[in-house]
Amino acid sequence: TLSVAAPPTRIGDAAAVKRGRELLDLAVKSVGGEEVLGKLVSVRAEATSTAKEGGKDHTNRKAWTGRFPADFRLDDNWNDSRWAAVATGADAFLATDEVWSMHAQQREALEKEFRHQPLVILRSRARADFVAAAEGGAKVNDRAVEYVAVSFGGTTTRLAVDVENGRIQSASFRGRGPTLALGDVRLDFREFETIESISIATRWTGHFNGQAAIKLDRKLDRVLVNSTLDPGTFDRP
């Protein structure tokens, strides 16, 4: 079982910080390299799942849209019901049939959901508040890895970096589980695709408090990189 990362406790340890940066540099190479990552403007990931309740099938369509450096949108639609959460530098709101402003905790939760994602983490390394520290090694998905705890924007994530190829095998953090309770979340990345020269995880399995959590499993239907987004994607209706 992987433990959830607290803010790096060895941030004053120069060797841990140096190794943490080396691991992240290795991870950057695995996703396509510094030049490709630097040209990353936006990512949109979409996934569809079904659930049965009251004898009826319900379809959930989710979409995560990020525009760098820090504009995020989550769409979470059930059947014909529409729900969206948007946070930008200038605004943060929720939209269904009505629109209302987010309070600070809602905005923080949305931003954290995105900031735990490896691609967002790697794209954020130039931030002034970005810190990383290596935390030793283990095996994940039968691969030798080294852990690096990364913190920025009030969000901390523990990444397992494959020491051979730099691929991020898992991400661990404090988050919401299947019943929305807070606990220890771990996402193990199982499948990857190269899209517009960037390697992106397209399937992962989830664990919560050390136990398999099927509701956290995800297989993406589609990923769009640097696509032309709808003009109003991040605008309040």
# chains A, B, ... in the order shown; residues from 1 in each chain; ligands from 1
call {"tool": "residues_around", "arguments": {"residues": "A:Ala47", "least_positions_apart": "6", "cutoff": "10 Å", "atoms": "only C-alpha atoms", "output": "list in words"}}
result
Asn60, Arg61, Lys62, Ala63, Trp64, Asp76, Thr202, Arg218, Lys219, Leu220, Asp221, Arg222 and Val223 of chain A
call {"tool": "residues_around", "arguments": {"residues": "A:Ala27", "least_positions_apart": "6", "cutoff": "7 Å", "atoms": "only C-alpha atoms", "output": "PDB file with N, CA, C and O atoms, in the first residue's frame"}}
result
ATOM      1  N   VAL A 161       7.788   7.399 -10.080  1.00  0.00           N
ATOM      2  CA  VAL A 161       8.434   7.578 -11.383  1.00  0.00           C
ATOM      3  C   VAL A 161       9.266   6.353 -11.717  1.00  0.00           C
ATOM      4  O   VAL A 161      10.138   5.944 -10.935  1.00  0.00           O
ATOM      5  N   GLY A 166      11.134   6.694 -16.976  1.00  0.00           N
ATOM      6  CA  GLY A 166      10.593   7.977 -16.550  1.00  0.00           C
ATOM      7  C   GLY A 166       9.082   8.057 -16.509  1.00  0.00           C
ATOM      8  O   GLY A 166       8.523   9.072 -16.068  1.00  0.00           O
ATOM      9  N   ARG A 167       8.395   7.010 -16.924  1.00  0.00           N
ATOM     10  CA  ARG A 167       6.931   7.040 -16.945  1.00  0.00           C
ATOM     11  C   ARG A 167       6.386   7.103 -15.519  1.00  0.00           C
ATOM     12  O   ARG A 167       6.863   6.400 -14.630  1.00  0.00           O
ATOM     13  N   ILE A 168       5.391   7.941 -15.312  1.00  0.00           N
ATOM     14  CA  ILE A 168       4.764   8.038 -13.990  1.00  0.00           C
ATOM     15  C   ILE A 168       3.779   6.883 -13.852  1.00  0.00           C
ATOM     16  O   ILE A 168       2.796   6.788 -14.583  1.00  0.00           O
TER      17      ILE A 168
END
call {"tool": "closest_residue", "arguments": {"among": "A:Ser30, A:Thr179, A:Thr157, A:Thr48", "to": "A:Phe208", "atoms": "only C-alpha atoms"}}
result
A:Thr179
call {"tool": "closest_residue", "arguments": {"among": "A:Leu229, A:Ile121, A:Ala95, A:Ala134", "to": "A:Thr155", "atoms": "only C-alpha atoms"}}
result
A:Ile121
call {"tool": "residues_around", "arguments": {"residues": "A:Ala92", "least_positions_apart": "4", "cutoff": "9 Å", "atoms": "only C-alpha atoms", "output": "number ranges by chain"}}
result
A: 85-88, 100-104, 106-107, 236
call {"tool": "write_last_selection", "arguments": {"atoms": "all heavy atoms", "output": "short mmCIF file (atom, residue, chain, number, x, y, z; two decimals), in the first residue's frame"}}
result
data_model
loop_
_atom_site.label_atom_id
_atom_site.label_comp_id
_atom_site.auth_asym_id
_atom_site.auth_seq_id
_atom_site.Cartn_x
_atom_site.Cartn_y
_atom_site.Cartn_z
N ALA A 85 -18.33 22.96 -13.61
CA ALA A 85 -17.60 23.79 -12.64
C ALA A 85 -16.41 24.39 -13.37
O ALA A 85 -15.66 23.69 -14.06
CB ALA A 85 -17.12 22.94 -11.47
N VAL A 86 -16.22 25.69 -13.24
CA VAL A 86 -15.17 26.41 -13.97
C VAL A 86 -14.41 27.31 -13.02
O VAL A 86 -14.99 28.02 -12.20
CB VAL A 86 -15.78 27.26 -15.11
CG1 VAL A 86 -14.69 28.03 -15.85
CG2 VAL A 86 -16.57 26.39 -16.07
N ALA A 87 -13.08 27.28 -13.13
CA ALA A 87 -12.22 28.19 -12.36
C ALA A 87 -11.17 28.77 -13.28
O ALA A 87 -10.46 28.03 -13.98
CB ALA A 87 -11.57 27.47 -11.19
N THR A 88 -11.08 30.09 -13.29
CA THR A 88 -10.04 30.79 -14.05
C THR A 88 -9.38 31.80 -13.12
O THR A 88 -9.76 31.93 -11.95
CB THR A 88 -10.64 31.53 -15.26
OG1 THR A 88 -11.45 32.62 -14.79
CG2 THR A 88 -11.49 30.60 -16.11
N TRP A 100 -24.06 30.16 -10.51
CA TRP A 100 -23.75 30.86 -9.27
C TRP A 100 -22.26 30.75 -8.98
O TRP A 100 -21.58 29.84 -9.45
CB TRP A 100 -24.58 30.33 -8.10
CG TRP A 100 -24.41 28.87 -7.76
CD1 TRP A 100 -23.62 28.33 -6.80
CD2 TRP A 100 -25.07 27.76 -8.38
NE1 TRP A 100 -23.74 26.97 -6.79
CE2 TRP A 100 -24.63 26.60 -7.73
CE3 TRP A 100 -26.00 27.64 -9.43
CZ2 TRP A 100 -25.07 25.32 -8.09
CZ3 TRP A 100 -26.44 26.37 -9.79
CH2 TRP A 100 -25.98 25.25 -9.12
N SER A 101 -21.76 31.70 -8.22
CA SER A 101 -20.34 31.77 -7.93
C SER A 101 -19.94 30.68 -6.94
O SER A 101 -20.69 30.34 -6.04
CB SER A 101 -19.99 33.14 -7.35
OG SER A 101 -20.23 34.16 -8.29
N MET A 102 -18.74 30.15 -7.15
CA MET A 102 -18.20 29.18 -6.20
C MET A 102 -17.73 29.89 -4.94
O MET A 102 -17.25 31.03 -5.00
CB MET A 102 -16.98 28.48 -6.80
CG MET A 102 -17.23 27.44 -7.83
SD MET A 102 -15.66 26.60 -8.19
CE MET A 102 -16.11 25.70 -9.65
N HIS A 103 -17.82 29.19 -3.81
CA HIS A 103 -17.12 29.69 -2.64
C HIS A 103 -15.69 29.14 -2.66
O HIS A 103 -15.35 28.27 -3.47
CB HIS A 103 -17.86 29.37 -1.35
CG HIS A 103 -18.11 27.91 -1.10
ND1 HIS A 103 -17.10 26.99 -0.91
CD2 HIS A 103 -19.28 27.21 -1.00
CE1 HIS A 103 -17.61 25.80 -0.69
NE2 HIS A 103 -18.93 25.90 -0.76
N ALA A 104 -14.85 29.64 -1.79
CA ALA A 104 -13.42 29.34 -1.84
C ALA A 104 -13.12 27.85 -1.77
O ALA A 104 -12.23 27.34 -2.48
CB ALA A 104 -12.69 30.08 -0.72
N GLN A 106 -14.99 25.30 -2.73
CA GLN A 106 -15.36 24.65 -3.99
C GLN A 106 -14.29 24.88 -5.06
O GLN A 106 -13.91 23.96 -5.79
CB GLN A 106 -16.72 25.16 -4.47
CG GLN A 106 -17.90 24.73 -3.63
CD GLN A 106 -19.18 25.42 -4.02
OE1 GLN A 106 -19.20 26.62 -4.29
NE2 GLN A 106 -20.28 24.68 -4.05
N ARG A 107 -13.82 26.12 -5.13
CA ARG A 107 -12.78 26.42 -6.11
C ARG A 107 -11.51 25.62 -5.81
O ARG A 107 -10.89 25.05 -6.71
CB ARG A 107 -12.47 27.92 -6.09
CG ARG A 107 -11.35 28.29 -7.06
CD ARG A 107 -11.07 29.78 -7.07
NE ARG A 107 -10.08 30.06 -8.10
CZ ARG A 107 -10.20 30.99 -9.03
NH1 ARG A 107 -11.28 31.74 -9.08
NH2 ARG A 107 -9.26 31.18 -9.94
N ARG A 236 -18.43 32.67 -18.09
CA ARG A 236 -19.71 32.53 -17.38
C ARG A 236 -20.86 32.74 -18.37
O ARG A 236 -20.87 33.73 -19.11
CB ARG A 236 -19.77 33.57 -16.25
CG ARG A 236 -20.99 33.48 -15.37
CD ARG A 236 -20.96 34.56 -14.32
NE ARG A 236 -19.93 34.35 -13.31
CZ ARG A 236 -20.20 34.08 -12.01
NH1 ARG A 236 -21.44 33.99 -11.59
NH2 ARG A 236 -19.20 33.90 -11.16
#
call {"tool": "select_by_dssp", "arguments": {"residues": "chain A", "states": "alpha helix (DSSP H)", "output": "PyMOL selection string"}}
result
chain A and resi 14-31+34-38+104-115+118-123
